Each structure stands twice: as structure tokens, then as C-alpha cells.
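Structure data (compact mmCIF, C-alpha atoms) from upload.txt:
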```txt
# COMPACT_ATOMS: atom_id res chain seq x y z
CA MET A 934 -51.64 39.17 -0.06
CA PHE A 935 -53.43 37.65 -3.04
CA ILE A 936 -55.44 34.48 -2.33
CA LYS A 937 -56.69 32.41 -5.23
CA GLU A 938 -59.41 29.78 -4.68
CA LEU A 939 -60.09 27.31 -7.47
CA THR A 940 -62.00 24.12 -8.04
CA ALA A 941 -60.03 21.04 -9.02
CA THR A 942 -61.38 21.39 -12.56
CA GLU A 943 -60.30 25.04 -12.81
CA PHE A 944 -56.84 24.24 -11.47
CA ALA A 945 -56.42 21.39 -13.96
CA LYS A 946 -56.61 23.95 -16.78
CA ASP A 947 -53.59 25.84 -15.41
CA PRO A 948 -51.81 23.61 -12.86
CA ARG A 949 -49.07 25.77 -11.41
CA LEU A 950 -48.00 27.55 -8.26
CA THR A 951 -46.88 31.17 -8.20
CA ALA A 952 -44.54 32.68 -5.63
CA ASP A 953 -46.78 35.72 -4.99
CA SER A 954 -50.14 33.95 -4.44
CA VAL A 955 -51.66 31.73 -1.79
CA LEU A 956 -53.65 29.00 -3.52
CA LEU A 957 -56.56 26.88 -2.26
CA VAL A 958 -57.77 24.11 -4.58
CA LYS A 959 -61.10 22.77 -3.33
CA GLU A 960 -61.56 18.98 -3.44
CA ALA A 961 -58.28 18.57 -5.31
CA ILE A 962 -57.54 15.29 -3.51
CA SER A 963 -61.07 14.16 -2.63
CA HIS A 964 -60.61 11.13 -4.93
CA TRP A 965 -57.64 9.81 -2.95
CA PRO A 966 -58.31 6.58 -1.01
CA ALA A 967 -56.73 8.30 2.02
CA VAL A 968 -59.69 10.70 2.25
CA GLY A 969 -62.25 8.70 4.16
CA ARG A 970 -59.83 5.90 5.06
CA TRP A 971 -57.26 7.69 7.17
CA THR A 972 -58.42 8.21 10.75
CA PRO A 973 -56.56 8.13 14.07
CA SER A 974 -57.86 4.60 14.63
CA PHE A 975 -56.57 3.56 11.20
CA PHE A 976 -53.06 4.72 12.14
CA ALA A 977 -53.27 3.06 15.54
CA ARG A 978 -53.85 -0.23 13.67
CA GLN A 979 -51.66 0.18 10.59
CA CYS A 980 -48.75 2.08 12.16
CA ALA A 981 -49.01 1.05 15.79
CA ASP A 982 -45.31 0.71 16.51
CA ILE A 983 -43.82 3.56 14.52
CA ARG A 984 -42.30 6.30 16.64
CA VAL A 985 -43.78 9.79 16.31
CA THR A 986 -43.04 13.21 17.72
CA VAL A 987 -45.84 14.58 19.89
CA LYS A 988 -45.68 18.32 20.55
CA TYR A 989 -47.49 20.49 23.08
CA PHE A 990 -47.80 24.18 22.25
CA THR A 991 -48.11 26.16 25.49
CA SER A 992 -47.63 29.76 26.57
CA ALA A 993 -44.21 28.73 27.91
CA GLY A 994 -43.10 27.33 24.56
CA ILE A 995 -43.00 23.94 22.85
CA THR A 996 -42.44 20.66 24.68
CA SER A 997 -42.29 17.29 22.97
CA GLN A 998 -42.35 13.54 23.50
CA PHE A 999 -41.30 10.62 21.33
CA LEU A 1000 -44.04 7.97 21.46
CA SER A 1001 -45.48 5.06 19.54
CA MET A 1002 -48.35 5.91 17.20
CA LYS A 1003 -50.64 3.58 19.14
CA TYR A 1004 -49.91 5.36 22.42
CA PHE A 1005 -50.36 8.77 20.81
CA VAL A 1006 -53.84 7.79 19.56
CA GLU A 1007 -54.71 6.64 23.08
CA LEU A 1008 -53.61 10.08 24.37
CA LEU A 1009 -55.70 11.74 21.67
CA GLN A 1010 -58.79 9.76 22.67
CA ALA A 1011 -58.25 10.54 26.36
CA PHE A 1012 -57.83 14.22 25.52
CA ASN A 1013 -61.10 14.25 23.57
CA GLU A 1014 -62.92 12.57 26.44
CA ASN A 1015 -61.69 15.04 29.07
CA PRO A 1016 -62.66 18.65 28.27
CA GLU A 1017 -60.94 19.92 31.43
CA ASN A 1018 -57.52 19.56 29.76
CA ARG A 1019 -58.25 21.50 26.58
CA ASP A 1020 -55.23 23.77 27.02
CA ILE A 1021 -52.69 20.97 26.53
CA ALA A 1022 -53.46 19.34 23.20
CA PRO A 1023 -51.27 16.41 22.10
CA TYR A 1024 -50.24 17.11 18.52
CA CYS A 1025 -48.58 14.45 16.34
CA HIS A 1026 -46.30 16.79 14.44
CA ASP A 1027 -43.61 16.66 11.74
CA VAL A 1028 -43.56 12.92 11.10
CA PRO A 1029 -41.94 11.48 7.91
CA ILE A 1030 -44.82 9.04 7.61
CA PHE A 1031 -44.04 7.59 4.18
CA LEU A 1032 -40.49 6.79 5.19
CA GLN A 1033 -41.86 4.91 8.17
CA ASN A 1034 -44.62 3.11 6.27
CA PRO A 1035 -44.19 3.25 2.46
CA ASP A 1036 -47.37 1.17 1.99
CA LEU A 1037 -49.34 4.37 2.69
CA ILE A 1038 -48.18 5.89 -0.59
CA ALA A 1039 -50.81 3.76 -2.35
CA ASP A 1040 -53.52 5.77 -0.54
CA ILE A 1041 -52.52 9.05 -2.21
CA GLU A 1042 -52.70 8.11 -5.86
CA ALA A 1043 -51.84 10.66 -8.52
CA PHE A 1044 -49.80 12.83 -6.17
CA PRO A 1045 -49.19 16.13 -8.06
CA SER A 1046 -45.39 15.95 -8.03
CA HIS A 1047 -45.30 18.03 -11.24
CA LEU A 1048 -46.02 21.08 -9.06
CA LEU A 1049 -42.63 20.69 -7.38
CA PRO A 1050 -39.19 21.70 -8.65
CA GLU A 1051 -37.64 18.83 -10.58
CA PHE A 1052 -35.17 17.98 -7.81
CA TYR A 1053 -38.00 16.85 -5.48
CA ARG A 1054 -40.22 14.99 -7.94
CA ALA A 1055 -38.74 11.48 -8.10
CA ASN A 1056 -38.78 10.87 -4.35
CA TRP A 1057 -41.28 13.53 -3.23
CA TRP A 1058 -42.58 11.27 -0.43
CA GLU A 1059 -39.25 11.47 1.39
CA TYR A 1060 -39.88 15.14 2.22
CA VAL A 1061 -43.41 14.81 3.62
CA GLN A 1062 -44.23 15.87 7.19
CA PHE A 1063 -47.40 14.36 8.66
CA PHE A 1064 -49.78 15.70 11.33
CA ILE A 1065 -52.64 14.45 13.51
CA SER A 1066 -54.28 17.07 15.73
CA PRO A 1067 -57.33 17.11 18.02
CA SER A 1068 -60.14 19.62 17.73
CA GLY A 1069 -59.04 22.94 19.18
CA ALA A 1070 -55.31 22.34 18.73
CA THR A 1071 -53.48 25.48 17.69
CA THR A 1072 -50.08 26.15 16.19
CA PRO A 1073 -49.15 29.76 17.08
CA LEU A 1074 -48.22 32.32 14.46
CA HIS A 1075 -44.96 31.42 12.71
CA PHE A 1076 -43.32 30.96 9.34
CA ASP A 1077 -41.73 27.73 8.14
CA THR A 1078 -38.30 27.59 9.63
CA LEU A 1079 -36.23 27.33 6.41
CA ARG A 1080 -38.41 29.94 4.69
CA THR A 1081 -39.57 27.28 2.24
CA HIS A 1082 -42.68 27.07 0.11
CA ASN A 1083 -45.39 24.89 1.67
CA LEU A 1084 -47.65 22.50 -0.25
CA PHE A 1085 -50.31 21.22 2.16
CA PHE A 1086 -52.90 18.42 1.89
CA GLN A 1087 -55.90 18.13 4.22
CA VAL A 1088 -57.04 14.50 4.50
CA MET A 1089 -59.46 14.59 7.46
CA GLY A 1090 -61.22 17.43 9.31
CA ASP A 1091 -60.76 21.13 8.64
CA LYS A 1092 -58.37 23.82 9.75
CA ASP A 1093 -58.48 27.61 9.83
CA PHE A 1094 -55.32 29.32 8.59
CA TYR A 1095 -54.74 32.96 9.53
CA LEU A 1096 -52.21 34.33 7.05
CA ILE A 1097 -49.91 37.35 7.17
CA PRO A 1098 -47.47 38.31 4.39
CA TRP A 1099 -43.74 38.07 4.96
CA GLN A 1100 -43.21 41.81 4.64
CA ASP A 1101 -45.35 42.41 7.77
CA ARG A 1102 -43.31 40.09 10.01
CA ASN A 1103 -41.68 42.83 12.08
CA LYS A 1104 -45.08 44.30 13.04
CA CYS A 1105 -46.24 41.07 14.71
CA LYS A 1106 -44.33 40.90 18.03
CA ARG A 1107 -41.64 38.65 16.67
CA ARG A 1108 -39.94 36.29 19.11
CA GLY A 1109 -36.67 34.69 18.11
CA TRP A 1110 -36.26 33.48 14.55
CA ARG A 1111 -39.74 32.43 13.47
CA TRP A 1112 -42.38 32.69 16.24
CA PHE A 1113 -44.68 35.60 17.06
CA ASP A 1114 -46.45 36.63 20.26
CA CYS A 1115 -49.76 37.64 18.76
CA ASP A 1116 -52.89 35.67 17.90
CA PRO A 1117 -54.57 36.89 14.71
CA SER A 1118 -57.63 34.73 15.51
CA ALA A 1119 -58.28 36.80 18.67
CA SER A 1120 -60.27 39.99 18.11
CA GLU A 1121 -58.07 42.19 20.32
CA ASP A 1122 -54.81 41.10 18.65
CA LEU A 1123 -56.43 41.30 15.23
CA CYS A 1124 -57.46 44.91 15.84
CA GLN A 1125 -53.92 45.80 16.94
CA LEU A 1126 -52.44 44.14 13.89
CA GLU A 1127 -54.81 45.86 11.48
CA SER A 1128 -54.24 49.23 13.13
CA SER A 1129 -50.51 48.69 12.48
CA GLY A 1130 -51.23 48.15 8.79
CA VAL A 1131 -50.92 44.36 8.87
CA THR A 1132 -53.06 42.42 6.41
CA VAL A 1133 -54.60 39.27 7.94
CA ARG A 1134 -56.47 36.80 5.75
CA LYS A 1135 -58.38 33.73 6.93
CA VAL A 1136 -58.63 30.56 4.85
CA LYS A 1137 -60.55 27.41 5.79
CA VAL A 1138 -58.92 24.23 4.49
CA SER A 1139 -61.23 21.20 4.49
CA ALA A 1140 -60.82 17.47 3.93
CA GLY A 1141 -59.98 16.88 0.28
CA ASP A 1142 -58.39 20.31 -0.27
CA MET A 1143 -54.88 21.18 -1.42
CA PHE A 1144 -53.34 24.40 -0.12
CA TYR A 1145 -50.19 26.27 -1.09
CA MET A 1146 -48.39 29.03 0.82
CA PRO A 1147 -45.48 30.89 -0.79
CA ALA A 1148 -42.15 31.02 1.00
CA GLY A 1149 -42.19 33.12 4.17
CA THR A 1150 -45.97 33.28 4.66
CA LEU A 1151 -46.78 33.71 8.36
CA HIS A 1152 -49.55 31.36 9.49
CA HIS A 1153 -51.53 30.67 12.67
CA VAL A 1154 -53.39 27.35 12.42
CA LYS A 1155 -56.38 26.06 14.37
CA SER A 1156 -57.95 22.60 14.04
CA ASN A 1157 -61.74 22.75 14.07
CA ALA A 1158 -62.08 18.98 14.42
CA ASP A 1159 -59.77 15.99 14.74
CA CYS A 1160 -57.52 16.47 11.72
CA ILE A 1161 -55.10 14.51 9.59
CA SER A 1162 -52.92 16.29 7.08
CA PHE A 1163 -49.45 16.40 5.61
CA ASN A 1164 -47.30 18.94 3.88
CA LEU A 1165 -44.16 19.16 1.83
CA ASP A 1166 -41.72 22.02 2.38
CA PHE A 1167 -39.61 22.79 -0.66
CA HIS A 1168 -37.26 25.37 -2.09
CA ASN A 1169 -36.77 26.56 -5.62
CA LYS A 1170 -33.67 28.47 -6.67
CA THR A 1171 -35.22 31.85 -5.89
CA SER A 1172 -36.49 30.97 -2.41
CA VAL A 1173 -33.27 29.29 -1.28
CA LEU A 1174 -31.27 32.38 -2.30
CA LYS A 1175 -33.68 34.62 -0.40
CA SER A 1176 -33.45 32.37 2.65
CA PHE A 1177 -29.84 33.46 3.26
CA MET A 1178 -31.04 37.00 3.90
CA GLY A 1179 -32.32 35.57 7.18
CA ILE A 1180 -28.76 35.53 8.51
CA LYS A 1181 -29.22 39.24 9.29
CA GLU A 1182 -32.38 38.43 11.27
CA GLY A 1183 -30.96 35.68 13.46
CA MET A 1184 -31.50 32.56 11.38
CA PRO A 1185 -30.04 29.70 13.47
CA ARG A 1186 -26.93 27.86 12.32
CA THR A 1187 -28.85 24.61 11.89
CA ASN A 1188 -31.27 26.32 9.50
CA LEU A 1189 -28.34 27.77 7.60
CA PHE A 1190 -26.91 24.26 7.25
CA TYR A 1191 -30.13 22.84 5.75
CA ASN A 1192 -30.49 25.77 3.37
CA TRP A 1193 -26.85 25.47 2.31
CA LEU A 1194 -27.45 21.78 1.56
CA THR A 1195 -30.46 22.70 -0.55
CA PHE A 1196 -28.48 25.40 -2.36
CA ARG A 1197 -25.86 22.79 -3.27
CA ALA A 1198 -28.58 20.43 -4.51
CA LEU A 1199 -30.40 23.00 -6.65
CA PHE A 1200 -27.41 24.90 -8.03
CA LEU A 1201 -24.43 22.55 -7.89
CA GLY A 1202 -26.02 19.20 -8.70
CA MET A 1203 -25.44 17.47 -5.36
CA ASP A 1204 -26.33 13.77 -5.49
CA ARG A 1205 -29.91 13.24 -4.23
CA SER A 1206 -29.14 10.30 -1.98
CA GLU A 1207 -26.17 12.07 -0.42
CA PHE A 1208 -28.29 15.19 0.04
CA PHE A 1209 -31.09 13.34 1.79
CA LYS A 1210 -28.78 11.53 4.21
CA LYS A 1211 -27.87 14.95 5.61
CA TYR A 1212 -31.27 16.62 5.15
CA ARG A 1213 -33.46 13.88 6.66
CA SER A 1214 -33.06 15.13 10.25
CA TYR A 1215 -34.91 18.31 9.22
CA LEU A 1216 -38.16 16.34 9.00
CA ASN A 1217 -38.20 16.05 12.82
CA PHE A 1218 -36.48 19.37 13.50
CA ILE A 1219 -37.99 21.41 16.35
CA SER A 1220 -37.22 25.11 15.95
```
Have the structure of the file written as C-alpha cells, please.
Amino acid sequence: MFIKELTATEFAKDPRLTADSVLLVKEAISHWPAVGRWTPSFFARQCADIRVTVKYFTSAGITSQFLSMKYFVELLQAFNENPENRDIAPYCHDVPIFLQNPDLIADIEAFPSHLLPEFYRANWWEYVQFFISPSGATTPLHFDTLRTHNLFFQVMGDKDFYLIPWQDRNKCKRRGWRWFDCDPSASEDLCQLESSGVTVRKVKVSAGDMFYMPAGTLHHVKSNADCISFNLDFHNKTSVLKSFMGIKEGMPRTNLFYNWLTFRALFLGMDRSEFFKKYRSYLNFIS
């Protein structure tokens, strides 16, 4: 797995994403008003009544609640004040934040929509998934459920990403379609993975950074502080065609539906508004 790290100035000279390289652009978005402004307290004030999905990642699987943003921030504060409950972190996860509060778009000026396939550029904000996580929160090893590319923006705090290439997926104790029962951040599991020939790379993504993972990249993510971030999953023509190979590996029917929609949009010219009416439910999809 090739990982490229660039400064914002270096990236500006050749601003593109490549399907075979992970890319970290340091301080790419540090000029955004959101960096420094967005905090959990800010969202408790500005988005108090919007409904958000709160997930809990446990050894038994994923559970979720549907709560107001204000109540979630209260849970987050209580969690931070009570170290005895560190194993059950409330994670505001997969929220279409700009659909719920379009005023926030002004805080992310000069969004680099030119990096996306043309289909996504005009209304890029519709596809965003937003996250708030407490320090210590972990998302176990997985790949993005539609096998999309992932363009990720870290607004507050920093996260460690442990990355494994797609071709090593069947050496990682795969469970179901996209989850894995190993922890590449743990020394024992890391040794077992490496002895099996699996390449694990660690990348720290800090506030103000932009991060790109090619389609299918396995990632285990740990928040090192209270974090705010958002990402945009997207397909190009190549990745959506490759996604259908997942049918042989147990890709769920719902995933197949979303990928078929995207195939129609990219290859057959499906109307954008009609596409998004059917695709929007993906933004809160729990797989």
C-alpha cells in the first residue's frame, strides 16, 4: 500500500486523487472557519433539535439510538466525566449534517469538489456523512460498505487510522460482508497479521487535514481526543463496476441496490434528483 503525504502547497501543484494511493494532505483545510469553530458545544447550540444517529461499537456488535444533537452532546459530556464507562463510547455517526442544517456549508469555504467525479460536484454536500466521537472511541476494522472511495476531512481532534489493502481482506478474520475480528492497533493481532503477510500502515489525521482512501481500503479508526469530522463516499465508473464483484463474497441486497443506482447515474445518465431520492437513505445506513 502506497501512502503519499503532502503539504497543502505541494498538493495544490498536482491536485488529484489516484485509485492506488492513500493520500494525506496536511493542513489542507486549516483555513476553513469550521476548524476552530466547530465543537460539540457549538453543535449543541446551533443544531440542538436535529436528529442524529448515535452508535455504540461493542464486542457483541453495533447498537444505535436516534437522539437530538443536544441530548447526544450531553451524553458525550457525561461519558467524558465518567472514566468507568470507557468501554461504551457514544458515537454520533453517519449524519447528513448539511442536509439538516445547510447554513453550515458557509463554514467549509472552498470545498475541493473538483476532486470528485463530475456527477457529485454540483451538490457534493448532499453526500456528506458527519461524525462526533469522544476520546478513545474506536470503529473496528472494516471497509466502506459500498466499496466506495472515501474523502475524509478532520475538523477537530486527531484520529489514528490503521490501514490494510483490499487484497489482504481474507487474511483478517473476516466477519460477514465488511467487518473483521482483528485489531491492528493491538500488538498481538498486529504480529499475527504481519506473520500472515498482511501489510498494516498507520496514519495520524489531525485537525485541518484532508485524507483520501481508495475504494476497498480496510481501516480501523481510533479517536485520540474528542473529534469532529466528515467524509464523502463516492464511486467513479471503475469502482462501481468492481463493487459488483462483491456479490460472490456476500454483498447484501441493500448494498447491491445502492451500487446499481450509482451505476445507472454514472453510466446511463440517471437524473440527479431522482437518484438522490432513492440514495439518501444510504447516508444513515447501518451495515
Per residue of region 1026-1058 of chain A within 8 Å of region 1148-1171 of chain A, note the shortest atom pair and the distance in Å to one decimal, counting only C-alpha atoms, and order the rows by chain and increasing residue number, as JSON lines.
```
{"residue": "A:Leu1049", "atom": "CA", "partner": "A:Phe1167", "partner_atom": "CA", "distance": 7.7}
{"residue": "A:Pro1050", "atom": "CA", "partner": "A:Asn1169", "partner_atom": "CA", "distance": 6.2}
{"residue": "A:Tyr1053", "atom": "CA", "partner": "A:Phe1167", "partner_atom": "CA", "distance": 7.8}
```
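Nearest residue to Asp1027 (chain A) among A:Ile995, A:Ala952, A:Leu1000, A:Val1061 is A:Val1061, counting all atoms listed in the file.
Taking all atoms listed in the file into account, the protein, DNA and RNA residues within 8 Å of (-44.8, 8.2, 16.8) read Asp982, Ile983, Arg984, Val985, Thr986, Val987, Phe999, Leu1000, Ser1001, Met1002, Lys1003, Phe1005, Cys1025 and Val1028 of chain A.
Using only C-alpha atoms, the shortest contact distance between Thr942 (chain A) and any of A:Val1173, A:Cys980, A:Val955, A:Ile962 is found at A:Ile962.
With distances taken over all atoms listed in the file, A:Phe1044 is the one residue among A:Phe1208, A:Phe1044, A:Trp1058, A:Phe1113 lying closest to Ala967 (chain A).
Taking CA of Glu938 (chain A) as the reference point, CA of Asp1122 (chain A) is found at 26.3 Å.
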Inset, instruction - May I have the residues within 10 Å of Thr1078 (chain A) as number ranges by chain, using all atoms listed in the file and disregarding those fewer than 5 positions away in the same chain? - result: A: 1110-1112, 1149, 1166, 1176, 1184-1185, 1188, 1215, 1218-1220
Inset, instruction - For CA of Glu1051 (chain A) and CA of His1026 (chain A), determine how far apart the two atoms are, in Å to one decimal place. - result: 26.6 Å
Legend entry - Nearest residue to Asn1083 (chain A) from the set A:Glu1121, A:Leu956, A:Asp1114, A:Asn1015 (distances using all atoms listed in the file): A:Leu956
Which residues, protein or nucleic acid, reach to within 12 Å of (-49.9, 0.9, 3.5) in the file's coordinates when using only C-alpha atoms, and can you give that as a short mmCIF file (atom, residue, chain, number, x, y, z; two decimals) with C-alpha atoms, in the frame of the given file?
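Heads up, here's the output in selection-v1.cif:
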```
data_model
loop_
_atom_site.label_atom_id
_atom_site.label_comp_id
_atom_site.auth_asym_id
_atom_site.auth_seq_id
_atom_site.Cartn_x
_atom_site.Cartn_y
_atom_site.Cartn_z
CA PRO A 966 -58.31 6.58 -1.01
CA ALA A 967 -56.73 8.30 2.02
CA ARG A 970 -59.83 5.90 5.06
CA TRP A 971 -57.26 7.69 7.17
CA PHE A 975 -56.57 3.56 11.20
CA PHE A 976 -53.06 4.72 12.14
CA ARG A 978 -53.85 -0.23 13.67
CA GLN A 979 -51.66 0.18 10.59
CA CYS A 980 -48.75 2.08 12.16
CA ILE A 1030 -44.82 9.04 7.61
CA PHE A 1031 -44.04 7.59 4.18
CA LEU A 1032 -40.49 6.79 5.19
CA GLN A 1033 -41.86 4.91 8.17
CA ASN A 1034 -44.62 3.11 6.27
CA PRO A 1035 -44.19 3.25 2.46
CA ASP A 1036 -47.37 1.17 1.99
CA LEU A 1037 -49.34 4.37 2.69
CA ILE A 1038 -48.18 5.89 -0.59
CA ALA A 1039 -50.81 3.76 -2.35
CA ASP A 1040 -53.52 5.77 -0.54
CA ILE A 1041 -52.52 9.05 -2.21
#
```
Inset, instruction - Excluding Trp1193 (chain A) and residues on its chain fewer than 6 positions from it, collect all residues at most 12 Å away from it, counting all atoms listed in the file, and give them as a list in words. - result: Leu1079, His1168, Lys1170, Val1173, Leu1174, Lys1175, Ser1176, Phe1177, Ile1180, Arg1186, Thr1187, Leu1199, Phe1200, Leu1201, Met1203, Phe1208, Lys1211 and Tyr1212 of chain A
Given the selection you just returned, output its residues as a file containing C-alpha atoms, formatted as a JSON list (two decimals), in the frame of the given file.
```json
[["chain", "number", "residue", "atom", "x", "y", "z"],
["A", 1079, "LEU", "CA", -36.23, 27.33, 6.41],
["A", 1168, "HIS", "CA", -37.26, 25.37, -2.09],
["A", 1170, "LYS", "CA", -33.67, 28.47, -6.67],
["A", 1173, "VAL", "CA", -33.27, 29.29, -1.28],
["A", 1174, "LEU", "CA", -31.27, 32.38, -2.30],
["A", 1175, "LYS", "CA", -33.68, 34.62, -0.40],
["A", 1176, "SER", "CA", -33.45, 32.37, 2.65],
["A", 1177, "PHE", "CA", -29.84, 33.46, 3.26],
["A", 1180, "ILE", "CA", -28.76, 35.53, 8.51],
["A", 1186, "ARG", "CA", -26.93, 27.86, 12.32],
["A", 1187, "THR", "CA", -28.85, 24.61, 11.89],
["A", 1199, "LEU", "CA", -30.40, 23.00, -6.65],
["A", 1200, "PHE", "CA", -27.41, 24.90, -8.03],
["A", 1201, "LEU", "CA", -24.43, 22.55, -7.89],
["A", 1203, "MET", "CA", -25.44, 17.47, -5.36],
["A", 1208, "PHE", "CA", -28.29, 15.19, 0.04],
["A", 1211, "LYS", "CA", -27.87, 14.95, 5.61],
["A", 1212, "TYR", "CA", -31.27, 16.62, 5.15]]
```
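Checking A:Lys1135, A:Pro1045, A:Ala993, A:Phe1094 one by one against Phe944 (chain A), counting all atoms listed in the file, you find the shortest gap at A:Pro1045.
Relative to CA of Glu1014 (chain A), CA of Ala981 (chain A) is found at 21.0 Å.
Proximity of A:Glu1042, A:Thr1081, A:Pro1067, A:Pro973 to Phe1012 (chain A), computed with only C-alpha atoms, is greatest for A:Pro1067.
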Need the shell around Ile1097 (chain A): protein/DNA/RNA residues with any atom at most 8 Å away, counting all atoms listed in the file. Skip same-chain ones fewer than 4 positions apart. Format as a short mmCIF file (atom, residue, chain, number, x, y, z; two decimals) with C-alpha atoms, in the coordinates of the input?
```
data_model
loop_
_atom_site.label_atom_id
_atom_site.label_comp_id
_atom_site.auth_asym_id
_atom_site.auth_seq_id
_atom_site.Cartn_x
_atom_site.Cartn_y
_atom_site.Cartn_z
CA MET A 934 -51.64 39.17 -0.06
CA ASP A 1101 -45.35 42.41 7.77
CA ARG A 1102 -43.31 40.09 10.01
CA VAL A 1131 -50.92 44.36 8.87
CA THR A 1132 -53.06 42.42 6.41
CA VAL A 1133 -54.60 39.27 7.94
CA ARG A 1134 -56.47 36.80 5.75
CA THR A 1150 -45.97 33.28 4.66
CA LEU A 1151 -46.78 33.71 8.36
CA HIS A 1152 -49.55 31.36 9.49
#
```
Padding 5 Å on each side, edges along x, y and z: where is the centre of the box around the listed atoms of region 1188-1200 of chain A, and how long are its edges in Å to one decimal? Output it as lines of an AutoDock Vina configuration file.
```
center_x = -28.6
center_y = 24.1
center_z = 0.7
size_x = 15.4
size_y = 17.3
size_z = 27.5
```
Inset, instruction - Write out as a ChimeraX atom specification the residues lying within 10 Å of Asn1056 (chain A), counting only C-alpha atoms and excluding same-chain residues fewer than 6 positions away. - result: /A:1046,1205-1206
